[in-house]
>>> print(open('query.tsv').read())   # TSV, C-alpha atoms and all ligand atoms
chain	number	residue	atom	x	y	z
Q	12	MET	CA	0.00	0.00	0.00
Q	13	LYS	CA	1.26	3.45	-0.95
Q	14	ILE	CA	0.30	6.18	1.50
Q	15	ALA	CA	1.03	9.92	1.44
Q	16	VAL	CA	0.72	11.93	4.65
Q	17	SER	CA	0.29	15.69	4.56
Q	18	GLY	CA	-0.96	18.57	6.72
Q	19	LYS	CA	0.19	21.77	8.36
Q	20	GLY	CA	3.64	21.94	9.98
Q	21	GLY	CA	3.38	20.64	13.53
Q	22	ALA	CA	0.03	18.89	12.93
Q	23	GLY	CA	1.59	15.48	13.45
Q	24	LYS	CA	2.53	14.27	9.95
Q	25	SER	CA	5.77	12.67	11.08
Q	26	THR	CA	4.10	11.19	14.15
Q	27	VAL	CA	1.38	9.57	12.02
Q	28	SER	CA	3.90	8.56	9.33
Q	29	ALA	CA	6.18	6.89	11.89
Q	30	GLN	CA	3.22	5.04	13.40
Q	31	LEU	CA	2.22	3.78	9.94
Q	32	VAL	CA	5.79	2.77	9.06
Q	33	ARG	CA	5.97	0.77	12.28
Q	34	SER	CA	2.57	-0.74	11.56
Q	35	PHE	CA	4.02	-2.13	8.34
Q	36	THR	CA	7.08	-3.57	10.08
Q	37	LEU	CA	5.05	-4.98	12.99
Q	38	ASN	CA	3.10	-6.84	10.30
Q	39	GLU	CA	6.40	-8.02	8.83
Q	40	ARG	CA	6.05	-5.99	5.68
Q	41	PRO	CA	8.92	-4.04	4.11
Q	42	VAL	CA	8.29	-0.33	3.71
Q	43	PHE	CA	9.89	2.76	2.22
Q	44	ALA	CA	9.78	5.57	4.77
Q	45	VAL	CA	10.27	8.72	2.75
Q	46	ASP	CA	10.96	12.06	4.36
Q	47	ALA	CA	9.69	14.50	1.75
Q	48	ASP	CA	9.12	17.40	4.14
Q	49	PRO	CA	11.79	20.14	3.90
Q	50	ASP	CA	11.33	20.44	7.67
Q	51	ALA	CA	12.57	16.87	7.95
Q	52	ASN	CA	12.09	14.91	11.16
Q	53	LEU	CA	10.67	11.52	10.19
Q	54	GLY	CA	13.96	9.71	10.78
Q	55	LEU	CA	14.23	11.00	14.33
Q	56	VAL	CA	10.61	10.17	15.17
Q	57	LEU	CA	11.25	6.66	13.84
Q	58	GLY	CA	14.19	6.45	16.22
Q	59	LEU	CA	16.84	5.95	13.55
Q	60	ASP	CA	20.42	6.86	14.39
Q	61	PRO	CA	20.78	10.69	14.20
Q	62	GLU	CA	24.27	10.49	12.75
Q	63	GLN	CA	23.21	8.06	10.03
Q	64	ILE	CA	20.24	10.26	9.18
Q	65	GLU	CA	22.50	13.29	8.99
Q	66	ASN	CA	24.97	11.49	6.72
Q	67	LEU	CA	22.30	10.30	4.32
Q	68	ARG	CA	22.23	12.69	1.40
Q	69	PRO	CA	18.86	13.92	0.19
Q	70	LEU	CA	18.10	12.52	-3.25
Q	71	VAL	CA	17.96	15.96	-4.80
Q	72	GLU	CA	21.63	16.46	-3.93
Q	73	LEU	CA	22.87	13.30	-5.60
Q	74	GLN	CA	24.36	15.33	-8.43
Q	75	ASP	CA	26.64	12.60	-9.69
Q	76	VAL	CA	23.83	10.10	-9.96
Q	77	ILE	CA	21.57	12.67	-11.54
Q	78	GLU	CA	24.23	13.56	-14.10
Q	79	ALA	CA	24.92	9.94	-14.93
Q	80	LYS	CA	21.23	9.17	-15.33
Q	81	ASN	CA	20.87	12.07	-17.71
Q	82	PHE	CA	23.54	11.08	-20.18
Q	83	GLY	CA	26.35	13.12	-18.73
Q	84	GLY	CA	24.43	16.27	-18.11
Q	85	GLY	CA	23.30	17.02	-21.64
Q	86	THR	CA	20.03	18.73	-22.36
Q	87	LEU	CA	18.26	15.44	-22.99
Q	88	VAL	CA	16.36	14.54	-19.88
Q	89	ASP	CA	15.75	10.85	-19.53
Q	90	LEU	CA	12.32	10.65	-18.03
Q	91	ASN	CA	12.61	7.01	-17.09
Q	92	PRO	CA	16.06	6.33	-15.73
Q	93	ASN	CA	16.49	3.01	-14.07
Q	94	VAL	CA	16.44	3.97	-10.44
Q	95	ASP	CA	16.48	0.53	-8.87
Q	96	ASP	CA	20.19	0.84	-8.14
Q	97	VAL	CA	19.56	4.20	-6.48
Q	98	LEU	CA	16.85	2.68	-4.39
Q	99	GLU	CA	19.29	0.02	-3.29
Q	100	ASP	CA	22.36	2.19	-2.74
Q	101	TYR	CA	21.16	5.47	-1.28
Q	102	ILE	CA	18.86	4.23	1.38
Q	103	LEU	CA	19.24	3.72	5.07
Q	104	ARG	CA	18.08	0.19	5.76
Q	105	VAL	CA	17.05	-0.62	9.29
Q	106	GLY	CA	15.27	-3.93	9.56
Q	107	LEU	CA	12.32	-3.80	7.18
Q	108	ILE	CA	12.50	-0.01	6.94
Q	109	ARG	CA	14.05	1.61	3.88
Q	110	PHE	CA	14.51	5.23	4.83
Q	111	LEU	CA	15.28	8.02	2.40
Q	112	LYS	CA	15.21	11.79	2.25
Q	113	MET	CA	13.90	13.56	-0.84
Q	114	GLY	CA	15.17	17.11	-0.28
Q	115	SER	CA	13.39	20.20	-1.57
Q	116	ILE	CA	12.06	20.43	-5.08
Q	117	LYS	CA	13.90	23.28	-6.72
Q	118	GLN	CA	11.91	25.94	-8.43
Q	119	GLY	CA	13.26	29.14	-9.47
Q	120	GLY	CA	13.45	32.19	-11.66
Q	121	SER	CA	15.35	31.57	-14.83
Q	122	ALA	CA	17.20	28.47	-13.65
Q	123	CYS	CA	15.95	25.10	-14.82
Q	124	TYR	CA	16.09	22.29	-12.34
Q	125	CYS	CA	14.54	19.86	-14.80
Q	126	LYS	CA	17.18	17.22	-14.23
Q	127	GLU	CA	16.87	17.19	-10.45
Q	128	ASN	CA	13.11	17.21	-10.61
Q	129	SER	CA	12.85	14.52	-13.26
Q	130	PHE	CA	15.19	12.39	-11.18
Q	131	LEU	CA	13.05	12.78	-8.06
Q	132	ASN	CA	10.06	11.98	-10.20
Q	133	ALA	CA	11.69	8.82	-11.50
Q	134	VAL	CA	12.51	7.63	-7.99
Q	135	LEU	CA	8.96	8.31	-6.85
Q	136	THR	CA	7.58	6.53	-9.91
Q	137	ALA	CA	9.71	3.50	-9.14
Q	138	MET	CA	8.62	3.41	-5.50
Q	139	LEU	CA	4.96	4.17	-6.08
Q	140	LEU	CA	4.25	2.37	-9.32
Q	141	ASP	CA	6.86	-0.34	-9.84
Q	142	ARG	CA	7.88	-1.74	-6.48
Q	143	ASP	CA	5.98	-4.03	-4.15
Q	144	GLU	CA	7.10	-2.59	-0.81
Q	145	GLY	CA	4.78	-0.34	1.12
Q	146	VAL	CA	5.45	3.39	0.92
Q	147	VAL	CA	4.82	6.09	3.51
Q	148	LEU	CA	5.54	9.57	2.20
Q	149	ASP	CA	5.84	12.24	4.90
Q	150	MET	CA	5.08	15.39	2.91
Q	151	SER	CA	4.71	19.13	3.49
Q	152	ALA	CA	1.35	20.81	2.97
Q	153	GLY	CA	2.47	21.84	-0.52
Q	154	ILE	CA	2.72	18.17	-1.66
Q	155	GLU	CA	5.01	19.62	-4.34
Q	156	HIS	CA	6.91	16.38	-4.91
Q	157	LEU	CA	3.85	14.84	-6.50
Q	158	THR	CA	2.82	15.24	-10.11
Q	159	ARG	CA	-0.25	13.92	-11.90
Q	160	GLY	CA	1.91	10.99	-12.99
Q	161	THR	CA	3.29	9.97	-9.61
Q	162	ALA	CA	0.02	10.77	-7.83
Q	163	ARG	CA	-1.51	7.84	-9.73
Q	164	GLY	CA	0.59	5.61	-7.51
Q	165	VAL	CA	-0.67	7.17	-4.27
Q	166	GLU	CA	-3.46	4.91	-3.12
Q	167	VAL	CA	-4.43	6.92	-0.08
Q	168	MET	CA	-3.60	10.41	1.11
Q	169	LEU	CA	-4.04	11.21	4.79
Q	170	VAL	CA	-4.34	14.87	5.76
Q	171	VAL	CA	-3.45	15.29	9.43
Q	172	VAL	CA	-5.38	18.09	11.06
Q	173	GLU	CA	-5.35	19.64	14.52
Q	174	PRO	CA	-8.59	21.08	15.88
Q	175	THR	CA	-7.71	24.70	15.13
Q	176	ARG	CA	-8.95	27.18	12.56
Q	177	SER	CA	-5.57	27.43	10.83
Q	178	GLY	CA	-5.18	23.65	10.88
Q	179	VAL	CA	-8.53	23.23	9.16
Q	180	SER	CA	-7.72	25.92	6.63
Q	181	THR	CA	-4.46	24.18	5.65
Q	182	ALA	CA	-6.24	20.81	5.52
Q	183	LYS	CA	-8.76	22.24	3.06
Q	184	SER	CA	-6.04	23.59	0.82
Q	185	VAL	CA	-4.16	20.25	0.85
Q	186	ASP	CA	-7.45	18.57	-0.04
Q	187	ARG	CA	-7.84	20.87	-3.06
Q	188	LEU	CA	-4.28	20.16	-4.20
Q	189	ALA	CA	-4.93	16.43	-3.86
Q	190	ALA	CA	-8.12	16.79	-5.91
Q	191	ASP	CA	-6.18	18.64	-8.64
Q	192	LEU	CA	-3.78	15.69	-8.74
Q	193	GLU	CA	-6.79	13.35	-8.96
Q	194	ILE	CA	-5.83	11.34	-5.89
Q	195	SER	CA	-8.95	9.27	-5.41
Q	196	GLN	CA	-8.86	8.46	-1.71
Q	197	VAL	CA	-8.14	11.43	0.53
Q	198	TYR	CA	-8.99	11.15	4.22
Q	199	PHE	CA	-8.56	13.49	7.14
Q	200	VAL	CA	-6.99	12.33	10.39
Q	201	GLY	CA	-7.83	14.45	13.42
Q	202	ASN	CA	-4.84	14.66	15.75
Q	203	LYS	CA	-4.15	15.90	19.31
Q	204	ILE	CA	-7.81	15.50	20.19
Q	205	ARG	CA	-8.35	16.43	23.86
Q	206	SER	CA	-12.11	16.56	24.15
Q	207	ASP	CA	-15.48	15.94	22.54
Q	208	GLU	CA	-15.45	19.62	21.62
Q	209	ASP	CA	-12.27	19.10	19.58
Q	210	ARG	CA	-13.86	16.22	17.73
Q	211	ALA	CA	-17.12	18.08	17.17
Q	212	TYR	CA	-15.22	21.11	15.92
Q	213	LEU	CA	-13.40	19.11	13.26
Q	214	GLU	CA	-16.59	17.30	12.22
Q	215	SER	CA	-18.35	20.63	11.82
Q	216	GLU	CA	-15.57	22.10	9.68
Q	217	LEU	CA	-14.80	19.07	7.50
Q	218	PRO	CA	-17.10	16.30	6.21
Q	219	PRO	CA	-17.34	13.73	9.05
Q	220	GLU	CA	-17.50	10.81	6.60
Q	221	ARG	CA	-14.10	11.75	5.27
Q	222	PHE	CA	-12.26	11.12	8.56
Q	223	ALA	CA	-10.12	7.97	8.69
Q	224	GLY	CA	-9.79	8.44	12.43
Q	225	MET	CA	-9.23	10.75	15.37
Q	226	ILE	CA	-6.04	10.41	17.42
Q	227	PRO	CA	-6.11	11.60	21.01
Q	228	PHE	CA	-3.55	13.97	22.45
Q	229	SER	CA	-0.98	11.77	24.17
Q	230	GLU	CA	1.39	12.79	26.95
Q	231	GLN	CA	3.60	9.80	26.08
Q	232	VAL	CA	4.05	10.99	22.52
Q	233	LEU	CA	5.11	14.41	23.75
Q	234	GLU	CA	7.39	12.95	26.41
Q	235	LYS	CA	9.11	10.75	23.79
Q	236	ALA	CA	9.52	13.75	21.51
Q	237	ARG	CA	11.10	15.72	24.37
Q	238	ARG	CA	13.52	12.93	25.16
Q	239	GLY	CA	14.16	12.03	21.52
Q	240	ILE	CA	13.32	8.37	21.95
Q	241	PRO	CA	11.65	6.19	19.28
Q	242	LEU	CA	7.92	6.69	19.11
Q	243	VAL	CA	7.07	3.04	18.52
Q	244	THR	CA	8.97	-0.03	19.64
Q	245	GLY	CA	6.07	-2.45	19.92
Q	246	ARG	CA	2.40	-2.81	19.11
Q	247	GLU	CA	1.52	-1.35	22.51
Q	248	ASP	CA	2.98	1.98	21.35
Q	249	LEU	CA	0.50	2.37	18.50
Q	250	LEU	CA	-1.85	5.24	19.24
Q	251	PRO	CA	-5.59	4.63	19.59
Q	252	GLY	CA	-7.14	4.73	16.14
Q	253	LEU	CA	-3.91	3.92	14.38
Q	254	GLU	CA	-4.58	0.24	13.81
Q	255	LYS	CA	-7.87	1.12	12.18
Q	256	ILE	CA	-6.19	3.70	9.97
Q	257	TYR	CA	-3.51	1.18	9.00
Q	258	ALA	CA	-6.16	-1.41	8.23
Q	259	MET	CA	-8.07	1.10	6.11
Q	260	THR	CA	-5.03	2.12	4.14
Q	261	ASN	CA	-4.12	-1.50	3.54
Q	262	GLY	CA	-7.35	-2.52	1.93
Q	263	ARG	CA	-8.61	-4.06	5.21
W	301	LIG	N1	-1.28	12.79	19.31
W	301	LIG	C1	-0.30	13.56	19.83
W	301	LIG	N2	-0.25	13.79	21.16
W	301	LIG	C2	0.72	14.57	21.69
W	301	LIG	N3	1.67	15.17	20.98
W	301	LIG	C3	1.68	14.98	19.65
W	301	LIG	C4	0.71	14.17	19.00
W	301	LIG	N4	0.97	14.15	17.66
W	301	LIG	C5	2.06	14.92	17.50
W	301	LIG	N5	2.51	15.42	18.68
W	301	LIG	C6	3.67	16.30	18.92
W	301	LIG	O1	3.49	17.48	18.16
W	301	LIG	C7	4.75	17.90	17.62
W	301	LIG	C8	4.65	17.98	16.10
W	301	LIG	O2	4.43	16.68	15.59
W	301	LIG	P1	5.14	16.19	14.24
W	301	LIG	O3	4.66	14.82	13.97
W	301	LIG	O4	6.60	16.42	14.29
W	301	LIG	O5	4.48	17.23	13.22
W	301	LIG	P2	4.79	17.52	11.69
W	301	LIG	O6	5.61	16.40	11.16
W	301	LIG	O7	3.44	17.62	11.06
W	301	LIG	O8	5.50	18.84	11.65
W	301	LIG	C9	5.78	16.90	18.09
W	301	LIG	O9	6.42	17.38	19.24
W	301	LIG	C10	4.96	15.67	18.42
W	301	LIG	O10	5.56	14.88	19.43
W	302	MG	MG	7.51	16.36	10.31
>>> encode(input="query.tsv", output="structure tokens", more="lines below")
Ligand SMILES: Nc1ncnc2c1ncn2[C@@H]1O[C@H](COP(=O)(O)OP(=O)(O)O)[C@@H](O)[C@H]1O
Ligand SMILES: [Mg+2]
Amino acid sequence: MKIAVSGKGGAGKSTVSAQLVRSFTLNERPVFAVDADPDANLGLVLGLDPEQIENLRPLVELQDVIEAKNFGGGTLVDLNPNVDDVLEDYILRVGLIRFLKMGSIKQGGSACYCKENSFLNAVLTAMLLDRDEGVVLDMSAGIEHLTRGTARGVEVMLVVVEPTRSGVSTAKSVDRLAADLEISQVYFVGNKIRSDEDRAYLESELPPERFAGMIPFSEQVLEKARRGIPLVTGREDLLPGLEKIYAMTNGR
């Protein structure tokens, strides 16, 4: 199953992504855990080694690979380079987790970053459309790594939303972007829910039938974040609602 997770900064994208990644591994399924948020923290929430995360180069910076895959840097952009070797070589493997960092999509003025962007696109295409492993993409609210082409491989998008006005506003804009990309299954996930009022608020602002779940505010999650310890080490660490969300995103 290929899942994209989006939402406002701080909403809990990396928390939900890490919980889903661990749900895959607890079910003995290999999974790509992709940090595609420029404000990258998925690796730390997963509890991977900080030094190894730091040393892993974001895909967008793999100039040498990008050059080689584009026939030595000519103007011809190969839209379908074979990226399987990249997927094998530039990934941090920890147990069943294959962790990688995308890096920021480059956009800008007169400069053309076609090569970098087509390379990222090729890697995403390989992961989302060609490979059998699960994928969890931890993305910013801009979901700018996705194109119409790669979005076809996203089976479910989860939009994490806190019960605040600005959270809801961002969730609505992510939902519009996802609709433009024609992602067919887009669900909201309420997070840091402290009361019935929080839940009612979200269900009054967004269609209730489009919620995959509501995750309570958890002191343990915050405590682990403070201490920098892995969010999930066993099934008992999965947050309420998470197993249902995992089951939903994995075709039950
Ligand atoms: N359900 C929750 N209960 C308590 N704290 C949470 C919960 N979800 C996320 N957090 C905390 O909120 C902060 C932001 O979460 P994070 O997943 O890093 O957000 P994002 O990746 O969307 O920026 C972190 O400190 C995290 O520990
Ligand atoms: Mg994050």
>>> closest_residue(input="query.tsv", among="Q:Leu70, Q:Ile102, Q:Ala44, Q:Leu188", to="Asn132 in chain Q", atoms="all atoms listed in the file")
Q:Leu70
>>> residues_around(input="query.tsv", residues="Ala189 in chain Q", least_positions_apart="6", cutoff="12 Å", atoms="all atoms listed in the file", output="list of chain:residue names")
Q:Ala15, Q:Val16, Q:Ser17, Q:Gly18, Q:Ala152, Q:Gly153, Q:Ile154, Q:Glu155, Q:His156, Q:Leu157, Q:Thr158, Q:Arg159, Q:Thr161, Q:Ala162, Q:Arg163, Q:Val165, Q:Glu166, Q:Val167, Q:Met168, Q:Leu169, Q:Val170, Q:Ala182, Q:Lys183, Q:Ser195, Q:Gln196, Q:Val197, Q:Tyr198, Q:Phe199
>>> residues_near_ligand(input="query.tsv", ligand="ligand MG 302 (chain W)", cutoff="8 Å", atoms="only C-alpha atoms and all ligand atoms", output="VMD selection string")
chain Q and resid 20 to 21 23 to 26 48 50 to 53 149 to 151
>>> closest_residue(input="query.tsv", among="Q:Ile108, Q:Ala29, Q:Ala133, Q:Ile194", to="ligand LIG 301 (chain W)", atoms="all atoms listed in the file")
Q:Ala29
>>> closest_residue(input="query.tsv", among="Q:Ala236, Q:Leu131, Q:Val56, Q:Leu250", to="Gln74 in chain Q", atoms="only C-alpha atoms")
Q:Leu131
>>> residues_around(input="query.tsv", residues="range 255-258 of chain Q", least_positions_apart="4", cutoff="10 Å", atoms="only C-alpha atoms", output="list of chain:residue names")
Q:Met12, Q:Ile14, Q:Val27, Q:Gln30, Q:Leu31, Q:Val32, Q:Ser34, Q:Phe35, Q:Leu169, Q:Tyr198, Q:Val200, Q:Phe222, Q:Ala223, Q:Gly224, Q:Met225, Q:Pro251, Q:Gly262, Q:Arg263
>>> closest_residue(input="query.tsv", among="Q:Lys112, Q:Arg33, Q:Lys117, Q:Arg237", to="ligand LIG 301 (chain W)", atoms="only C-alpha atoms and all ligand atoms")
Q:Arg237
>>> closest_residue(input="query.tsv", among="Q:Ile240, Q:Leu55, Q:Val179, Q:Leu233", to="ligand LIG 301 (chain W)", atoms="all atoms listed in the file")
Q:Leu233
>>> axis_aligned_box(input="query.tsv", around="range 204-216 of chain Q", padding_each_side="5 Å", output="lines of an AutoDock Vina configuration file")
center_x = -13.1
center_y = 18.8
center_z = 16.9
size_x = 20.5
size_y = 16.6
size_z = 24.5
